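Next up, model.tsv (TSV, C-alpha atoms):
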```
chain	number	residue	atom	x	y	z
C	1	MET	CA	84.43	-25.28	185.16
C	2	LYS	CA	82.65	-22.00	184.55
C	3	PHE	CA	78.92	-22.05	183.95
C	4	SER	CA	75.44	-20.77	184.77
C	5	TYR	CA	72.85	-23.43	185.48
C	6	VAL	CA	69.12	-23.35	186.14
C	7	ASN	CA	66.36	-25.82	185.36
C	8	PRO	CA	62.99	-24.13	185.87
C	9	THR	CA	60.84	-27.16	184.96
C	10	GLN	CA	58.82	-28.40	187.92
C	11	ILE	CA	58.84	-32.20	188.01
C	12	HIS	CA	55.85	-34.20	189.29
C	13	PHE	CA	57.26	-37.71	189.61
C	14	GLY	CA	55.48	-40.92	190.51
C	15	GLN	CA	52.28	-42.88	190.13
C	16	GLY	CA	49.07	-40.88	189.91
C	17	GLN	CA	50.80	-37.57	189.27
C	18	ILE	CA	48.91	-36.82	186.04
C	19	ALA	CA	46.22	-35.41	188.34
C	20	THR	CA	48.57	-32.50	189.14
C	21	VAL	CA	47.90	-31.12	185.65
C	22	ALA	CA	44.63	-29.73	187.05
C	23	THR	CA	46.51	-27.24	189.20
C	24	SER	CA	49.68	-26.88	187.09
C	25	ILE	CA	47.86	-25.12	184.25
C	26	PRO	CA	45.85	-22.02	185.23
C	27	LYS	CA	42.14	-22.59	184.64
C	28	ASP	CA	41.79	-19.45	182.52
C	29	LYS	CA	44.22	-20.80	179.90
C	30	LYS	CA	42.96	-22.37	176.69
C	31	VAL	CA	44.84	-25.65	176.27
C	32	LEU	CA	45.93	-27.60	173.19
C	33	VAL	CA	46.73	-31.23	174.03
C	34	ILE	CA	49.21	-32.68	171.54
C	35	TYR	CA	49.89	-36.40	171.31
C	36	GLY	CA	51.01	-39.11	168.91
C	37	GLY	CA	49.38	-42.16	167.41
C	38	GLY	CA	46.71	-42.72	170.04
C	39	SER	CA	48.34	-45.20	172.42
C	40	ILE	CA	47.40	-42.87	175.29
C	41	LYS	CA	43.77	-43.80	174.67
C	42	LYS	CA	44.59	-47.48	175.28
C	43	ASN	CA	46.70	-47.16	178.43
C	44	GLY	CA	44.45	-44.85	180.42
C	45	VAL	CA	46.60	-41.73	180.10
C	46	TYR	CA	44.08	-39.91	177.89
C	47	ASP	CA	41.29	-40.52	180.40
C	48	GLN	CA	43.48	-39.16	183.21
C	49	VAL	CA	44.32	-36.07	181.13
C	50	SER	CA	40.62	-35.52	180.40
C	51	ALA	CA	39.82	-35.74	184.09
C	52	ALA	CA	42.63	-33.34	185.02
C	53	LEU	CA	41.41	-30.80	182.44
C	54	ALA	CA	37.75	-31.09	183.41
C	55	GLU	CA	37.61	-27.44	184.44
C	56	HIS	CA	39.71	-26.16	181.54
C	57	THR	CA	38.79	-25.23	177.98
C	58	TRP	CA	40.82	-27.53	175.78
C	59	THR	CA	41.14	-29.08	172.35
C	60	GLU	CA	43.48	-31.70	170.93
C	61	PHE	CA	45.81	-32.51	168.04
C	62	SER	CA	47.02	-36.05	167.38
C	63	GLY	CA	49.22	-37.82	164.86
C	64	VAL	CA	52.71	-36.53	165.74
C	65	GLU	CA	55.18	-39.03	164.28
C	66	ALA	CA	58.13	-40.81	165.89
C	67	ASN	CA	60.38	-38.28	164.16
C	68	PRO	CA	58.10	-35.24	164.16
C	69	THR	CA	57.77	-33.55	160.79
C	70	VAL	CA	57.19	-29.88	160.15
C	71	GLU	CA	54.56	-30.92	157.62
C	72	THR	CA	52.43	-32.46	160.39
C	73	LEU	CA	53.26	-29.93	163.09
C	74	ASP	CA	52.33	-26.93	160.94
C	75	LYS	CA	48.72	-28.18	161.07
C	76	ALA	CA	48.86	-27.82	164.85
C	77	VAL	CA	50.41	-24.36	164.47
C	78	ILE	CA	47.35	-23.28	162.48
C	79	ILE	CA	45.06	-24.55	165.27
C	80	ALA	CA	47.11	-22.76	167.92
C	81	LYS	CA	46.92	-19.48	166.02
C	82	GLU	CA	43.26	-19.68	164.98
C	83	GLN	CA	42.01	-20.76	168.41
C	84	ALA	CA	44.28	-18.42	170.39
C	85	ILE	CA	45.80	-21.24	172.41
C	86	ASP	CA	47.42	-20.12	175.70
C	87	TYR	CA	48.97	-23.40	176.85
C	88	ILE	CA	50.21	-26.57	175.16
C	89	LEU	CA	50.16	-29.91	176.97
C	90	ALA	CA	52.46	-32.43	175.27
C	91	VAL	CA	51.49	-36.01	176.08
C	92	GLY	CA	53.98	-38.57	174.81
C	93	GLY	CA	57.67	-39.25	174.35
C	94	GLY	CA	60.45	-36.99	173.17
C	95	SER	CA	59.06	-36.68	169.66
C	96	VAL	CA	55.71	-35.34	170.86
C	97	ILE	CA	57.41	-32.98	173.31
C	98	ASP	CA	59.93	-31.80	170.69
C	99	GLY	CA	57.08	-31.27	168.25
C	100	SER	CA	55.10	-29.33	170.82
C	101	LYS	CA	58.08	-27.04	171.37
C	102	TYR	CA	58.11	-26.28	167.66
C	103	VAL	CA	54.36	-25.59	167.67
C	104	ALA	CA	54.70	-23.33	170.72
C	105	ALA	CA	57.43	-21.28	169.04
C	106	ALA	CA	56.05	-21.24	165.48
C	107	ALA	CA	52.60	-20.16	166.69
C	108	MET	CA	54.17	-16.91	167.94
C	109	TYR	CA	55.92	-16.24	164.62
C	110	GLU	CA	54.29	-14.87	161.49
C	111	GLY	CA	56.82	-16.35	159.06
C	112	ASN	CA	57.53	-19.92	157.97
C	113	GLY	CA	58.11	-22.06	161.07
C	114	TRP	CA	61.01	-23.88	159.40
C	115	ASP	CA	62.90	-20.57	159.71
C	116	ILE	CA	63.43	-21.57	163.35
C	117	LEU	CA	65.36	-24.69	162.36
C	118	ILE	CA	67.58	-23.02	159.78
C	119	GLY	CA	68.44	-20.14	162.13
C	120	LYS	CA	66.56	-17.48	160.20
C	121	HIS	CA	64.31	-16.79	163.20
C	122	GLN	CA	65.58	-16.73	166.78
C	123	VAL	CA	62.90	-17.86	169.22
C	124	THR	CA	62.38	-15.40	172.09
C	125	GLU	CA	58.71	-16.10	172.87
C	126	ALA	CA	56.51	-19.18	172.79
C	127	ILE	CA	53.23	-20.51	174.10
C	128	ALA	CA	53.69	-22.02	177.57
C	129	ILE	CA	54.26	-25.80	177.58
C	130	GLY	CA	53.61	-28.59	180.05
C	131	ALA	CA	54.53	-32.22	179.41
C	132	ILE	CA	53.32	-35.66	180.41
C	133	LEU	CA	56.09	-38.13	179.64
C	134	THR	CA	55.06	-41.59	178.43
C	135	LEU	CA	58.36	-42.76	176.91
C	136	PRO	CA	61.61	-42.05	178.79
C	137	ALA	CA	64.53	-41.41	176.45
C	138	THR	CA	65.28	-37.87	175.38
C	139	GLY	CA	64.96	-35.71	178.49
C	140	SER	CA	62.98	-33.26	176.36
C	141	GLU	CA	60.43	-32.89	179.16
C	142	SER	CA	62.82	-30.69	181.15
C	143	ASN	CA	65.19	-29.13	178.65
C	144	SER	CA	65.03	-26.43	175.99
C	145	GLY	CA	66.01	-28.53	172.97
C	146	SER	CA	63.99	-29.88	170.07
C	147	VAL	CA	64.75	-31.82	166.88
C	148	ILE	CA	62.39	-31.54	163.91
C	149	THR	CA	62.35	-33.20	160.46
C	150	GLN	CA	61.36	-31.69	157.14
C	151	LYS	CA	60.10	-34.72	155.27
C	152	SER	CA	60.12	-33.10	151.83
C	153	THR	CA	63.89	-32.52	151.92
C	154	GLN	CA	64.88	-35.39	154.30
C	155	THR	CA	66.34	-32.82	156.68
C	156	LYS	CA	66.49	-33.29	160.46
C	157	LEU	CA	67.69	-30.28	162.46
C	158	PRO	CA	67.79	-29.17	166.11
C	159	PHE	CA	66.97	-25.90	167.79
C	160	MET	CA	67.27	-24.67	171.36
C	161	ALA	CA	65.42	-21.83	173.05
C	162	ASP	CA	64.75	-20.99	176.69
C	163	ALA	CA	61.22	-19.97	175.74
C	164	VAL	CA	60.21	-23.57	174.94
C	165	GLN	CA	61.45	-25.10	178.20
C	166	PRO	CA	58.41	-26.86	179.72
C	167	LYS	CA	56.96	-25.13	182.79
C	168	PHE	CA	56.24	-28.52	184.36
C	169	ALA	CA	56.57	-32.19	183.53
C	170	VAL	CA	54.69	-35.22	184.84
C	171	LEU	CA	56.75	-38.41	185.03
C	172	ASP	CA	54.42	-41.28	185.95
C	173	PRO	CA	56.10	-44.67	185.42
C	174	ASP	CA	52.68	-46.30	185.03
C	175	SER	CA	52.36	-44.58	181.65
C	176	MET	CA	55.15	-46.87	180.39
C	177	LYS	CA	53.27	-50.10	181.08
C	178	THR	CA	52.05	-50.66	177.53
C	179	LEU	CA	55.16	-49.49	175.68
C	180	PRO	CA	56.43	-51.83	172.94
C	181	GLU	CA	59.71	-53.60	173.70
C	182	ARG	CA	61.46	-51.71	170.90
C	183	GLN	CA	60.65	-48.35	172.46
C	184	LEU	CA	61.82	-49.40	175.92
C	185	VAL	CA	65.16	-50.52	174.51
C	186	ASN	CA	65.43	-47.34	172.46
C	187	GLY	CA	64.96	-45.34	175.66
C	188	LEU	CA	67.87	-47.15	177.34
C	189	VAL	CA	70.18	-46.58	174.37
C	190	ASP	CA	69.16	-42.97	173.79
C	191	ALA	CA	69.82	-42.07	177.42
C	192	TRP	CA	73.19	-43.89	177.30
C	193	VAL	CA	74.40	-41.86	174.33
C	194	HIS	CA	73.08	-38.61	175.80
C	195	VAL	CA	75.33	-39.14	178.80
C	196	CYS	CA	78.27	-40.12	176.61
C	197	GLU	CA	77.95	-36.99	174.46
C	198	GLN	CA	78.64	-34.91	177.59
C	199	TYR	CA	81.09	-37.29	179.30
C	200	LEU	CA	83.22	-39.01	176.64
C	201	THR	CA	85.03	-35.85	175.63
C	202	THR	CA	88.06	-34.31	177.31
C	203	ALA	CA	89.29	-34.96	180.84
C	204	THR	CA	88.76	-31.71	182.75
C	205	GLY	CA	88.69	-32.86	186.38
C	206	THR	CA	84.99	-32.09	186.87
C	207	MET	CA	84.38	-34.52	189.71
C	208	VAL	CA	80.66	-33.94	190.23
C	209	GLN	CA	79.71	-34.00	186.56
C	210	ASP	CA	81.88	-37.05	185.82
C	211	GLY	CA	80.74	-38.90	188.93
C	212	TYR	CA	77.08	-38.23	188.26
C	213	ALA	CA	77.47	-39.23	184.59
C	214	GLU	CA	79.08	-42.50	185.67
C	215	VAL	CA	76.22	-43.25	188.07
C	216	LEU	CA	73.71	-42.71	185.27
C	217	LEU	CA	75.66	-44.98	182.92
C	218	LYS	CA	75.89	-47.69	185.60
C	219	ASN	CA	72.15	-47.36	186.15
C	220	LEU	CA	71.52	-48.00	182.45
C	221	LEU	CA	73.81	-51.03	182.44
C	222	THR	CA	71.99	-52.42	185.47
C	223	LEU	CA	68.58	-51.78	183.91
C	224	ALA	CA	69.73	-53.60	180.78
C	225	GLU	CA	70.92	-56.54	182.92
C	226	GLN	CA	67.59	-56.53	184.77
C	227	TYR	CA	65.55	-56.17	181.59
C	228	ASN	CA	63.50	-59.28	182.44
C	229	GLU	CA	62.24	-57.37	185.49
C	230	ARG	CA	61.03	-54.43	183.41
C	231	ASP	CA	57.38	-54.99	184.28
C	232	ASN	CA	57.61	-53.48	187.74
C	233	ASN	CA	57.39	-49.96	189.10
C	234	GLU	CA	60.97	-49.84	190.41
C	235	TRP	CA	62.49	-50.70	187.01
C	236	ARG	CA	60.26	-48.25	185.15
C	237	SER	CA	60.84	-45.48	187.69
C	238	ASN	CA	64.62	-45.82	187.54
C	239	LEU	CA	64.68	-45.72	183.74
C	240	MET	CA	62.36	-42.71	183.66
C	241	TRP	CA	64.42	-40.70	186.17
C	242	THR	CA	67.80	-41.75	184.73
C	243	ALA	CA	66.78	-40.72	181.21
C	244	ASN	CA	65.57	-37.39	182.55
C	245	GLN	CA	68.80	-36.69	184.42
C	246	ALA	CA	70.87	-37.62	181.38
C	247	LEU	CA	69.79	-34.49	179.53
C	248	ASN	CA	68.42	-31.88	181.91
C	249	GLY	CA	71.59	-29.78	181.68
C	250	LEU	CA	73.22	-30.75	184.96
C	251	ILE	CA	75.95	-33.18	183.87
C	252	GLY	CA	76.64	-30.98	180.85
C	253	SER	CA	77.39	-27.86	182.91
C	254	GLY	CA	81.03	-26.77	182.82
C	255	VAL	CA	82.21	-29.62	180.56
C	256	THR	CA	82.90	-29.99	176.85
C	257	HIS	CA	80.21	-31.57	174.66
C	258	ASP	CA	80.50	-33.79	171.60
C	259	TRP	CA	77.11	-34.47	169.85
C	260	ALA	CA	78.77	-35.67	166.62
C	261	THR	CA	77.13	-39.09	167.00
C	262	HIS	CA	73.76	-37.33	167.10
C	263	MET	CA	74.42	-35.08	164.13
C	264	ILE	CA	75.54	-37.96	161.90
C	265	GLY	CA	72.83	-40.21	163.29
C	266	HIS	CA	70.15	-37.65	162.40
C	267	GLU	CA	71.04	-38.14	158.75
C	268	LEU	CA	70.50	-41.91	159.01
C	269	THR	CA	67.06	-41.27	160.47
C	270	ALA	CA	66.12	-38.68	157.87
C	271	LEU	CA	67.38	-40.75	154.92
C	272	TYR	CA	66.63	-44.32	155.94
C	273	SER	CA	64.02	-43.99	158.73
C	274	VAL	CA	66.34	-45.61	161.26
C	275	ASP	CA	65.02	-45.27	164.83
C	276	HIS	CA	66.82	-42.37	166.50
C	277	ALA	CA	68.38	-44.51	169.24
C	278	ARG	CA	69.51	-47.11	166.73
C	279	SER	CA	71.14	-44.47	164.55
C	280	LEU	CA	73.23	-43.63	167.62
C	281	SER	CA	74.24	-47.23	168.33
C	282	ILE	CA	75.27	-47.56	164.68
C	283	ILE	CA	77.48	-44.46	164.65
C	284	GLN	CA	78.95	-44.26	168.16
C	285	PRO	CA	81.37	-47.24	168.21
C	286	SER	CA	82.84	-46.26	164.83
C	287	LEU	CA	83.16	-42.65	165.92
C	288	LEU	CA	84.87	-43.62	169.17
C	289	ARG	CA	87.40	-45.78	167.31
C	290	ASN	CA	88.09	-42.95	164.91
C	291	GLN	CA	88.55	-40.43	167.75
C	292	ILE	CA	90.20	-42.82	170.20
C	293	GLU	CA	93.36	-40.81	170.81
C	294	ALA	CA	91.48	-37.60	171.61
C	295	LYS	CA	89.08	-39.50	173.86
C	296	ARG	CA	91.50	-42.07	175.32
C	297	ALA	CA	91.59	-40.63	178.84
C	298	LYS	CA	87.82	-40.53	179.21
C	299	LEU	CA	87.35	-43.92	177.54
C	300	GLU	CA	89.77	-45.41	180.07
C	301	GLN	CA	87.91	-43.68	182.89
C	302	LEU	CA	84.61	-45.08	181.57
C	303	GLY	CA	86.11	-48.55	181.28
C	304	LYS	CA	87.36	-48.55	184.87
C	305	ASN	CA	84.53	-46.72	186.63
C	306	VAL	CA	81.49	-48.00	184.74
C	307	PHE	CA	82.40	-51.37	183.22
C	308	GLY	CA	84.83	-52.36	185.97
C	309	LEU	CA	87.64	-53.17	183.52
C	310	THR	CA	91.20	-53.54	184.77
C	311	ALA	CA	93.95	-51.17	183.66
C	312	SER	CA	95.90	-52.12	180.54
C	313	ALA	CA	97.53	-50.52	177.52
C	314	ASP	CA	94.45	-51.28	175.43
C	315	LEU	CA	91.86	-50.25	177.99
C	316	ALA	CA	90.26	-47.62	175.71
C	317	GLU	CA	89.90	-50.19	172.92
C	318	ARG	CA	88.35	-52.72	175.34
C	319	THR	CA	85.92	-50.08	176.56
C	320	ILE	CA	84.61	-49.55	173.03
C	321	VAL	CA	84.16	-53.32	172.71
C	322	ALA	CA	82.22	-53.26	176.00
C	323	ILE	CA	79.94	-50.52	174.67
C	324	GLU	CA	79.28	-52.60	171.57
C	325	ALA	CA	78.54	-55.63	173.73
C	326	PHE	CA	76.02	-53.55	175.70
C	327	TYR	CA	74.26	-52.65	172.44
C	328	HIS	CA	74.27	-56.24	171.25
C	329	ASP	CA	72.91	-57.44	174.60
C	330	VAL	CA	69.84	-55.24	174.16
C	331	LYS	CA	69.66	-56.24	170.49
C	332	VAL	CA	70.31	-52.93	168.78
C	333	PRO	CA	72.55	-52.76	165.69
C	334	THR	CA	76.05	-51.33	165.46
C	335	GLN	CA	76.11	-51.15	161.66
C	336	LEU	CA	73.75	-49.62	159.11
C	337	THR	CA	71.92	-52.13	156.92
C	338	GLU	CA	68.84	-50.11	155.88
C	339	HIS	CA	70.70	-48.50	152.97
C	340	GLY	CA	70.56	-51.56	150.71
C	341	ASP	CA	73.56	-52.99	148.86
C	342	ASP	CA	75.33	-49.86	147.58
C	343	LYS	CA	77.60	-48.80	150.43
C	344	VAL	CA	79.51	-46.18	148.42
C	345	ALA	CA	76.34	-44.44	147.26
C	346	ALA	CA	74.92	-44.49	150.79
C	347	ILE	CA	78.02	-42.86	152.27
C	348	ASP	CA	78.10	-40.25	149.50
C	349	THR	CA	74.45	-39.42	150.16
C	350	ILE	CA	74.99	-39.04	153.91
C	351	ILE	CA	78.05	-36.84	153.39
C	352	LYS	CA	76.13	-34.61	150.96
C	353	GLN	CA	73.39	-34.17	153.55
C	354	LEU	CA	75.89	-33.36	156.30
C	355	GLU	CA	77.46	-30.74	154.06
C	356	ALA	CA	74.08	-29.28	153.08
C	357	HIS	CA	73.14	-28.95	156.74
C	358	GLY	CA	76.40	-27.30	157.76
C	359	MET	CA	77.65	-30.28	159.77
C	360	VAL	CA	81.20	-29.88	158.55
C	361	ALA	CA	83.11	-29.54	161.84
C	362	LEU	CA	81.68	-31.75	164.58
C	363	GLY	CA	82.78	-32.97	168.00
C	364	GLU	CA	84.11	-31.30	171.12
C	365	SER	CA	87.15	-30.01	169.20
C	366	GLN	CA	85.40	-29.50	165.86
C	367	ALA	CA	87.85	-32.08	164.50
C	368	ILE	CA	85.29	-34.25	162.70
C	369	THR	CA	85.36	-32.78	159.22
C	370	LEU	CA	83.46	-34.24	156.28
C	371	ASP	CA	86.50	-36.38	155.46
C	372	VAL	CA	86.55	-37.72	159.02
C	373	SER	CA	82.80	-38.32	158.91
C	374	ARG	CA	83.38	-40.34	155.75
C	375	GLN	CA	85.97	-42.46	157.57
C	376	ILE	CA	83.51	-43.05	160.41
C	377	LEU	CA	80.79	-44.06	157.96
C	378	GLU	CA	83.14	-46.46	156.18
C	379	ASP	CA	83.25	-48.41	159.44
C	380	ALA	CA	79.60	-47.89	160.41
C	381	VAL	CA	77.90	-48.80	157.12
C	382	ALA	CA	77.63	-52.54	156.48
```
Starting from the coordinates I provided, produce the structure as structure tokens.
Amino acid sequence: MKFSYVNPTQIHFGQGQIATVATSIPKDKKVLVIYGGGSIKKNGVYDQVSAALAEHTWTEFSGVEANPTVETLDKAVIIAKEQAIDYILAVGGGSVIDGSKYVAAAAMYEGNGWDILIGKHQVTEAIAIGAILTLPATGSESNSGSVITQKSTQTKLPFMADAVQPKFAVLDPDSMKTLPERQLVNGLVDAWVHVCEQYLTTATGTMVQDGYAEVLLKNLLTLAEQYNERDNNEWRSNLMWTANQALNGLIGSGVTHDWATHMIGHELTALYSVDHARSLSIIQPSLLRNQIEAKRAKLEQLGKNVFGLTASADLAERTIVAIEAFYHDVKVPTQLTEHGDDKVAAIDTIIKQLEAHGMVALGESQAITLDVSRQILEDAVA
């Protein structure tokens, strides 16, 4: 319980808050608006952004993928450099915001932007970023993390840098109204695992962090149970704020972190184009069973305080079953099927990628070696 915590991102939460962009970005800044496939032009968000930037000089870049690739983002880096962009406004979900963080950092670097992901370049400066969140899931709108894919090598890697923390973020639940069902469910699952990566580790007596994590998990269970009510402002608002709080740094302060589910899951996304959230639901139950003794105390705590399970000798095991049931209730998979029929070859390929990317000692105790990852995959791959 020793930490330093600050979150400098100003949050503008609620309906109609996109208008605050007008005063959140200084009018003398040249703005690059980055977005994805164009859904913001169908749900009214683009028009609101245009109105908010009426007195700014701005240009745009679209086409950022669901798992943003350096190949696409480098085109935006060229625009940012050539047009001397002062401010980036990311309009979208975590992928667009993650991608914008890469653009902001790479535009201030003369070398190959991928150097940032492989640790060859440490980011200390970046173009200022603001965000308008349209898909709640990753918390990227108010943290300093980003995950980027290199399509040519099927590599998906994270980086963190204070310089790419958004200066402000707009969270308007109305922007979620036209989201596909799949993306809403992915947001629930992604937020769930984000909390677990910071909570299902070692018991350290951190009452505030544990208690807050448990509230967030209970929120997500309730939102899943109330999924039929998703087309109302209260449901959307609670998902948007819960997903933000899951990964803004607060519940992770002063506690041990895992993130092994994410690191292994990234390989499933890079190799087989599995949705990020679904890669997590595939890996997590198998990982928890493999690491059950190390995580038993926290699993039992989760079972009692979140799922309301009664104490028993097999409480940790029943908690994992409850997590799986939660995933099945929202219709996300808990085993990989996208690999085809050759399970052995699939596992070998994933292990080779983990090794190539230096993911050879994962988890809160660095106990998940390549051999352990193989055991986890044996259970997770259908």
Where does segment 126-227 of chain C meet segment 101-109 of chain C within 10 Å, residue by residue, with the nearest atom pair and distance in Å to one decimal for each, counting all atoms listed in the file, listed by chain and rising number, as CSV?
```
residue,atom,partner,partner_atom,distance
C:Ala126,CA,C:Ala105,CA,4.4
C:Ile127,CA,C:Ala104,CA,4.6
C:Ala128,CA,C:Ala104,CA,7.0
C:Ile129,CA,C:Ala104,CA,7.3
C:Gly130,CA,C:Lys101,CA,9.9
C:Ser140,CA,C:Lys101,CA,9.4
C:Ser144,CA,C:Lys101,CA,8.4
C:Gly145,CA,C:Lys101,CA,8.2
C:Ser146,CA,C:Lys101,CA,6.7
C:Val147,CA,C:Tyr102,CA,8.7
C:Ile148,CA,C:Tyr102,CA,7.7
C:Phe159,CA,C:Tyr102,CA,8.9
C:Met160,CA,C:Lys101,CA,9.5
C:Ala161,CA,C:Ala105,CA,9.0
C:Ala163,CA,C:Ala105,CA,7.8
C:Val164,CA,C:Lys101,CA,5.4
C:Gln165,CA,C:Lys101,CA,7.9
C:Pro166,CA,C:Lys101,CA,8.4
```
Practice task
Using only C-alpha atoms, find the one residue out of C:Glu197, C:Asp86, C:Glu110, C:Asp47 that sits nearest to Leu217 of chain C.
Solution key: C:Glu197
Problem - For Ala260 of chain C, the nearest of the candidates C:Ala131, C:Leu354, C:Val49, C:Leu179, counting only C-alpha atoms - result: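 Going through C:Ala131, C:Leu354, C:Val49, C:Leu179 one by one, the smallest distance to Ala260 of chain C is for C:Leu354.
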Problem - Top pick for closest residue to Val330 of chain C, considering C:Tyr87, C:Tyr227, C:Tyr212, C:Trp114 and counting all atoms listed in the file - result: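 Smallest distance to Val330 of chain C is found for C:Tyr227.
Distance check against Thr369 of chain C using only C-alpha atoms: of C:Ala311, C:Ala345, C:Ile351, C:Ala356, the minimum falls on C:Ile351.
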